[in-house]
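Colleague: Just so it is clear, I am handing over entry_6.cif, which has mmCIF, C-alpha atoms.
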```cif
data_run
#
loop_
_atom_site.label_atom_id
_atom_site.label_comp_id
_atom_site.auth_asym_id
_atom_site.auth_seq_id
_atom_site.Cartn_x
_atom_site.Cartn_y
_atom_site.Cartn_z
CA MET S 10 0.00 0.00 0.00
CA LEU S 11 1.31 3.45 -0.90
CA PRO S 12 2.04 5.75 2.04
CA TRP S 13 0.07 8.98 2.33
CA LEU S 14 2.35 11.83 3.32
CA ALA S 15 1.26 14.51 5.74
CA ASP S 16 1.88 18.15 4.85
CA TYR S 17 4.40 18.32 7.68
CA PRO S 18 7.06 17.26 8.50
CA VAL S 19 8.92 16.62 5.26
CA HIS S 20 9.42 12.87 5.13
CA PHE S 21 9.79 10.41 2.25
CA PRO S 22 9.93 6.63 2.46
CA PRO S 23 13.06 4.94 1.06
CA VAL S 24 13.02 4.88 -2.74
CA GLU S 25 13.47 1.11 -2.64
CA GLN S 26 9.82 0.92 -1.55
CA ALA S 27 8.60 2.35 -4.88
CA LEU S 28 6.21 0.18 -6.87
CA ARG S 29 7.24 -1.83 -9.89
CA ASP S 30 3.85 -1.25 -11.53
CA PRO S 31 3.48 1.58 -12.18
CA ASP S 32 7.25 1.83 -12.21
CA GLY S 33 8.58 4.15 -9.55
CA LEU S 34 5.40 5.33 -7.83
CA LEU S 35 6.55 5.92 -4.26
CA ALA S 36 4.06 7.97 -2.25
CA ILE S 37 1.02 10.25 -2.28
CA GLY S 38 0.46 13.60 -0.59
CA GLY S 39 2.84 16.09 0.97
CA ASP S 40 2.96 19.46 -0.75
CA LEU S 41 4.91 21.40 -3.37
CA SER S 42 6.72 23.82 -1.08
CA PRO S 43 10.46 24.40 -1.66
CA ALA S 44 11.24 22.21 1.36
CA TRP S 45 9.39 19.25 -0.12
CA LEU S 46 10.75 19.70 -3.65
CA LEU S 47 14.37 20.18 -2.57
CA ALA S 48 14.16 17.14 -0.31
CA ALA S 49 12.66 15.14 -3.17
CA TYR S 50 15.27 16.00 -5.78
CA ARG S 51 18.16 15.33 -3.42
CA ARG S 52 16.72 11.82 -2.91
CA GLY S 53 16.06 11.08 -6.57
CA ILE S 54 12.29 11.68 -6.30
CA PHE S 55 10.08 13.96 -8.40
CA PRO S 56 6.36 14.90 -8.49
CA TRP S 57 4.21 13.89 -11.46
CA TYR S 58 0.41 13.92 -11.42
CA SER S 59 -2.66 15.29 -13.19
CA ASP S 60 -5.12 17.96 -12.11
CA ASP S 61 -7.66 15.39 -10.92
CA GLN S 62 -5.11 13.53 -8.75
CA PRO S 63 -3.36 14.19 -5.44
CA ILE S 64 0.39 14.83 -5.57
CA LEU S 65 2.17 11.66 -6.69
CA TRP S 66 5.89 11.13 -6.04
CA TRP S 67 8.06 8.92 -8.28
CA SER S 68 11.49 7.32 -8.36
CA PRO S 69 11.63 4.93 -11.34
CA ASP S 70 14.11 2.12 -11.83
CA PRO S 71 15.95 2.28 -14.18
CA ARG S 72 16.54 6.01 -14.46
CA MET S 73 17.27 7.75 -17.75
CA VAL S 74 20.21 10.15 -17.50
CA LEU S 75 22.45 12.09 -19.85
CA PHE S 76 26.09 12.60 -18.96
CA PRO S 77 26.94 15.96 -20.56
CA HIS S 78 30.08 14.67 -22.27
CA GLU S 79 27.99 11.96 -23.96
CA ILE S 80 25.65 14.36 -25.75
CA ARG S 81 25.18 13.06 -29.29
CA VAL S 82 25.05 15.64 -32.08
CA ARG S 83 24.29 14.25 -35.51
CA ARG S 84 25.17 16.07 -38.71
CA SER S 85 21.76 17.64 -39.21
CA LEU S 86 21.68 19.00 -35.66
CA ALA S 87 25.28 20.26 -35.89
CA LYS S 88 24.33 22.14 -39.04
CA ARG S 89 21.28 23.63 -37.34
CA LEU S 90 23.41 24.72 -34.38
CA ARG S 91 25.77 26.53 -36.76
CA ASN S 92 23.36 27.93 -39.30
CA GLY S 93 19.87 27.85 -37.78
CA GLY S 94 19.84 31.50 -36.78
CA PHE S 95 19.10 30.64 -33.16
CA ARG S 96 19.90 32.76 -30.13
CA VAL S 97 20.12 30.91 -26.81
CA THR S 98 19.56 32.44 -23.38
CA ALA S 99 19.04 31.23 -19.83
CA ASP S 100 16.45 32.42 -17.31
CA ALA S 101 15.25 35.13 -19.69
CA ALA S 102 11.68 33.82 -19.97
CA PHE S 103 11.16 31.17 -17.29
CA GLY S 104 7.43 31.78 -17.00
CA GLU S 105 6.88 31.56 -20.75
CA VAL S 106 8.93 28.38 -21.02
CA ILE S 107 7.02 26.52 -18.31
CA ALA S 108 3.69 27.83 -19.64
CA THR S 109 4.53 26.57 -23.12
CA CYS S 110 5.64 23.20 -21.76
CA ALA S 111 2.26 23.02 -20.00
CA GLY S 112 0.34 23.76 -23.19
CA PRO S 113 -1.67 21.16 -25.12
CA ARG S 114 0.28 18.65 -27.20
CA GLU S 115 -0.82 16.44 -30.04
CA GLY S 116 -2.13 13.13 -28.78
CA GLN S 117 -2.27 14.23 -25.14
CA PRO S 118 -5.64 15.07 -23.55
CA GLY S 119 -4.18 17.17 -20.72
CA THR S 120 -1.02 18.22 -18.95
CA TRP S 121 0.81 17.15 -15.81
CA ILE S 122 2.20 20.68 -15.41
CA THR S 123 -0.74 21.90 -13.37
CA ASP S 124 -1.23 25.46 -12.14
CA ALA S 125 0.03 24.33 -8.73
CA MET S 126 3.17 22.90 -10.35
CA ARG S 127 3.80 26.10 -12.28
CA GLU S 128 3.49 28.14 -9.09
CA ALA S 129 5.79 25.76 -7.22
CA TYR S 130 8.57 25.95 -9.80
CA ALA S 131 8.16 29.72 -10.05
CA ARG S 132 8.99 29.80 -6.33
CA LEU S 133 12.06 27.64 -6.95
CA HIS S 134 13.05 29.95 -9.80
CA ALA S 135 12.81 32.93 -7.46
CA LEU S 136 15.15 31.09 -5.08
CA GLY S 137 17.67 30.54 -7.89
CA VAL S 138 17.11 26.77 -8.01
CA ALA S 139 14.85 26.29 -11.05
CA HIS S 140 16.19 27.47 -14.39
CA SER S 141 15.12 27.70 -18.01
CA VAL S 142 16.97 27.60 -21.31
CA GLU S 143 15.36 29.53 -24.15
CA VAL S 144 15.91 29.25 -27.89
CA TRP S 145 14.93 32.27 -29.98
CA ARG S 146 14.76 32.96 -33.68
CA ASP S 147 13.90 36.36 -35.11
CA GLY S 148 12.88 37.50 -31.62
CA ARG S 149 10.39 34.66 -31.17
CA LEU S 150 10.65 31.91 -28.54
CA VAL S 151 10.81 28.68 -30.56
CA GLY S 152 12.08 26.14 -28.03
CA GLY S 153 13.33 25.59 -24.53
CA LEU S 154 13.50 23.50 -21.40
CA TYR S 155 13.36 23.94 -17.65
CA GLY S 156 14.47 22.06 -14.57
CA VAL S 157 16.21 22.21 -11.21
CA ALA S 158 19.96 22.68 -10.73
CA LEU S 159 21.68 21.44 -7.58
CA GLY S 160 25.46 21.17 -7.45
CA PRO S 161 26.71 19.36 -10.59
CA VAL S 162 23.28 17.87 -11.39
CA PHE S 163 20.50 19.29 -13.55
CA PHE S 164 17.12 17.64 -12.98
CA GLY S 165 15.26 18.12 -16.26
CA GLU S 166 11.49 18.55 -16.10
CA SER S 167 10.17 19.34 -19.56
CA MET S 168 11.08 20.75 -22.96
CA PHE S 169 9.24 22.02 -26.04
CA SER S 170 9.83 22.88 -29.69
CA ARG S 171 7.93 25.19 -31.97
CA GLU S 172 10.44 24.58 -34.75
CA PRO S 173 12.36 21.42 -35.70
CA ASP S 174 15.24 20.63 -33.32
CA ALA S 175 14.73 23.72 -31.14
CA SER S 176 14.54 21.72 -27.90
CA LYS S 177 17.62 19.76 -28.98
CA VAL S 178 19.48 23.03 -29.44
CA ALA S 179 18.55 23.99 -25.87
CA LEU S 180 19.77 20.66 -24.52
CA VAL S 181 23.09 20.83 -26.40
CA HIS S 182 23.76 24.31 -25.04
CA LEU S 183 22.95 23.13 -21.52
CA ALA S 184 25.22 20.09 -21.83
CA ARG S 185 28.12 22.15 -23.19
CA ALA S 186 27.79 24.78 -20.45
CA MET S 187 27.76 22.01 -17.85
CA GLN S 188 30.87 20.43 -19.37
CA ASP S 189 32.69 23.75 -19.24
CA GLY S 190 31.67 24.35 -15.61
CA GLY S 191 32.02 20.90 -14.06
CA GLY S 192 28.42 19.70 -14.43
CA ARG S 193 28.20 15.92 -14.18
CA LEU S 194 24.71 14.66 -14.94
CA ILE S 195 21.35 15.60 -16.47
CA ASP S 196 18.44 13.66 -14.98
CA CYS S 197 15.94 12.80 -17.72
CA GLN S 198 13.67 10.85 -15.33
CA MET S 199 12.02 8.34 -17.66
CA HIS S 200 13.05 6.69 -20.92
CA THR S 201 12.09 8.31 -24.21
CA SER S 202 13.42 7.53 -27.68
CA HIS S 203 13.86 11.26 -28.29
CA LEU S 204 16.34 11.60 -25.43
CA ALA S 205 18.01 8.29 -26.25
CA SER S 206 18.77 9.65 -29.72
CA LEU S 207 20.71 12.46 -28.04
CA GLY S 208 22.87 10.14 -25.95
CA ALA S 209 20.77 9.65 -22.82
CA ARG S 210 20.76 6.14 -21.36
CA ASP S 211 19.19 4.11 -18.59
CA ILE S 212 21.10 3.37 -15.40
CA ALA S 213 20.01 1.50 -12.29
CA ARG S 214 18.24 3.62 -9.68
CA ALA S 215 20.82 2.55 -7.08
CA GLU S 216 23.59 3.92 -9.29
CA PHE S 217 21.68 7.16 -9.79
CA ILE S 218 21.12 7.57 -6.05
CA GLY S 219 24.82 6.86 -5.51
CA TYR S 220 25.72 9.79 -7.75
CA LEU S 221 23.35 12.08 -5.85
CA GLU S 222 24.78 11.04 -2.48
CA LYS S 223 28.32 11.55 -3.77
CA TRP S 224 27.71 14.97 -5.30
CA LEU S 225 24.91 16.41 -3.15
CA GLY S 226 25.58 14.68 0.17
CA LYS S 227 23.78 11.78 1.77
CA THR S 228 20.53 12.77 3.45
CA PRO S 229 18.61 10.71 6.02
CA GLU S 230 15.32 9.28 4.80
CA ALA S 231 13.51 10.93 7.71
CA SER S 232 14.48 14.56 7.39
CA ALA S 233 13.73 17.88 8.98
CA ASP S 234 12.94 20.71 6.58
CA ASP S 235 16.31 20.89 4.84
CA THR S 236 16.03 23.80 2.41
CA SER S 237 19.76 24.18 1.87
CA ILE S 238 20.59 25.09 -1.71
CA ILE S 239 23.67 23.74 -3.48
CA PRO S 240 24.42 26.18 -6.33
CA PRO S 241 25.52 24.75 -9.67
CA GLY S 242 29.19 24.91 -10.56
CA TRP S 243 28.54 26.04 -14.12
CA SER S 244 27.36 29.43 -15.28
CA PHE S 245 23.97 29.71 -16.92
CA GLU S 246 25.28 32.91 -18.49
CA ARG S 247 27.54 30.77 -20.70
CA LEU S 248 24.65 28.98 -22.31
CA GLY S 249 24.71 31.19 -25.38
CA ALA S 250 28.39 30.46 -25.96
CA VAL S 251 28.09 26.81 -26.98
CA ARG S 252 31.13 25.30 -28.65
CA HIS S 253 30.68 23.80 -32.10
CA THR S 254 33.49 21.24 -31.86
CA THR S 255 31.19 18.32 -31.08
CA GLN S 256 31.98 15.24 -33.12
CA GLU S 257 29.20 14.58 -35.59
CA ARG S 258 27.88 11.05 -35.37
CA GLY S 259 25.97 9.30 -38.09
CA LYS S 260 23.53 10.74 -40.57
CA PRO S 261 20.10 12.28 -40.06
#
```
Using the file provided, produce a representation of the structure as structure tokens.
Modeller:
Amino acid sequence: MLPWLADYPVHFPPVEQALRDPDGLLAIGGDLSPAWLLAAYRRGIFPWYSDDQPILWWSPDPRMVLFPHEIRVRRSLAKRLRNGGFRVTADAAFGEVIATCAGPREGQPGTWITDAMREAYARLHALGVAHSVEVWRDGRLVGGLYGVALGPVFFGESMFSREPDASKVALVHLARAMQDGGGRLIDCQMHTSHLASLGARDIARAEFIGYLEKWLGKTPEASADDTSIIPPGWSFERLGAVRHTTQERGKP
């Protein structure tokens, strides 16, 4: 039976107790305050639920991750990076990025980025923890992504494209900035073929948690409200200065 979490104190069960079906469902309840969200990310847990559901917390096994130095840039994407006319920024339009990610998508009846989720990540953005990467062309926002940065880890939440490859451009810029600044891992949460095509791969949850404990510090499963923030080692200001020396792999 899944545990129901009280609003207070902040307390998660061990991730090893997560269900196998559905994969990674760990607990229900709690809230979306910074204390809860920071505690969740440091433990390899994230919220994911619909408007008609209570807050659901997940920690799937395996976990899809992208090591920044393993980003895969094929010839067509390398050409678009060089000649696509894109301008890349960070934290210039966080609200617009998350609102666009929350918008309707083909084949999806609703969104998991509820109003409560948008408000919660806006609070994290105000604290300097949640960040966005924007891709512009001719002054128009055409792609982007957002997530949470703690130490050398970026916990990706969602991305969007209004033009071909625009979200890929955002991810490449993020990965290159992380490489330059000592970033170690991008958490992609769950497996998708789109992310796999860019070099993301599945690792065991235990390995993923081991990285978090190594880089963010081991935290007890029963925790007081630990809202300590571990700033990223890389500069988001460097996101527009992506290097174009990536080895091209394969054909489109």
Colleague: Between S:Pro23, S:Gly190, S:Gly148, S:Gly33, which has the minimum distance to Arg247 of chain S (counting only C-alpha atoms)?
Modeller: S:Gly190
Colleague: Given the file shown, determine the residues that the PyMOL selection byres ((chain S and resi 32) around 10) selects; report them as an MDAnalysis selection string.
Modeller: chainID S and resid 27:31 33:35 67:71 199
Colleague: Taking 5 positions as the minimum chain separation for residues in the same chain, which residues sit within 6 Å of Ile37 of chain S when counting all atoms listed in the file? Answer as a list in words.
Modeller: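 Near neighbours after the sequence-gap exclusion: Trp13, Leu14, Ile64 and Leu65 of chain S.
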Colleague: Export C-alpha atoms of the chosen residues as a JSON list (two decimals), keeping the file's coordinate frame?
Modeller:
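part_11.json was written with the following content:
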```
[["chain", "number", "residue", "atom", "x", "y", "z"],
["S", 13, "TRP", "CA", 0.07, 8.98, 2.33],
["S", 14, "LEU", "CA", 2.35, 11.83, 3.32],
["S", 64, "ILE", "CA", 0.39, 14.83, -5.57],
["S", 65, "LEU", "CA", 2.17, 11.66, -6.69]]
```
Colleague: For this file, the PyMOL selection byres ((chain S and resi 132-139) around 7) selects which residues, as a PyMOL selection string?
Modeller: chain S and resi 43+128-131+140+156-158
Colleague: What does the PyMOL selection byres ((chain S and resi 62) around 12) select in this file, as a PDB file with C-alpha atoms, in the coordinates of the input?
Modeller:
```
ATOM      1  CA  ILE S  37       1.020  10.250  -2.280  1.00  0.00           C
ATOM      2  CA  GLY S  38       0.460  13.600  -0.590  1.00  0.00           C
ATOM      3  CA  PRO S  56       6.360  14.900  -8.490  1.00  0.00           C
ATOM      4  CA  TRP S  57       4.210  13.890 -11.460  1.00  0.00           C
ATOM      5  CA  TYR S  58       0.410  13.920 -11.420  1.00  0.00           C
ATOM      6  CA  SER S  59      -2.660  15.290 -13.190  1.00  0.00           C
ATOM      7  CA  ASP S  60      -5.120  17.960 -12.110  1.00  0.00           C
ATOM      8  CA  ASP S  61      -7.660  15.390 -10.920  1.00  0.00           C
ATOM      9  CA  PRO S  63      -3.360  14.190  -5.440  1.00  0.00           C
ATOM     10  CA  ILE S  64       0.390  14.830  -5.570  1.00  0.00           C
ATOM     11  CA  LEU S  65       2.170  11.660  -6.690  1.00  0.00           C
ATOM     12  CA  TRP S  66       5.890  11.130  -6.040  1.00  0.00           C
ATOM     13  CA  THR S 120      -1.020  18.220 -18.950  1.00  0.00           C
ATOM     14  CA  TRP S 121       0.810  17.150 -15.810  1.00  0.00           C
ATOM     15  CA  THR S 123      -0.740  21.900 -13.370  1.00  0.00           C
ATOM     16  CA  ALA S 125       0.030  24.330  -8.730  1.00  0.00           C
TER      17      ALA S 125
END
```
Colleague: Around (11.9, 32.2, -26.3) in the file's frame, which residues reach within 9 Å when counting only C-alpha atoms? Return as a PyMOL selection string?
Modeller: chain S and resi 96-98+101-102+105-106+142-146+148-153
Colleague: Go through S:Val162, S:Ile239, S:Leu86, S:Ile195 and flag the residue nearest Ser176 of chain S, using all atoms listed in the file for the distances.
Modeller: S:Leu86
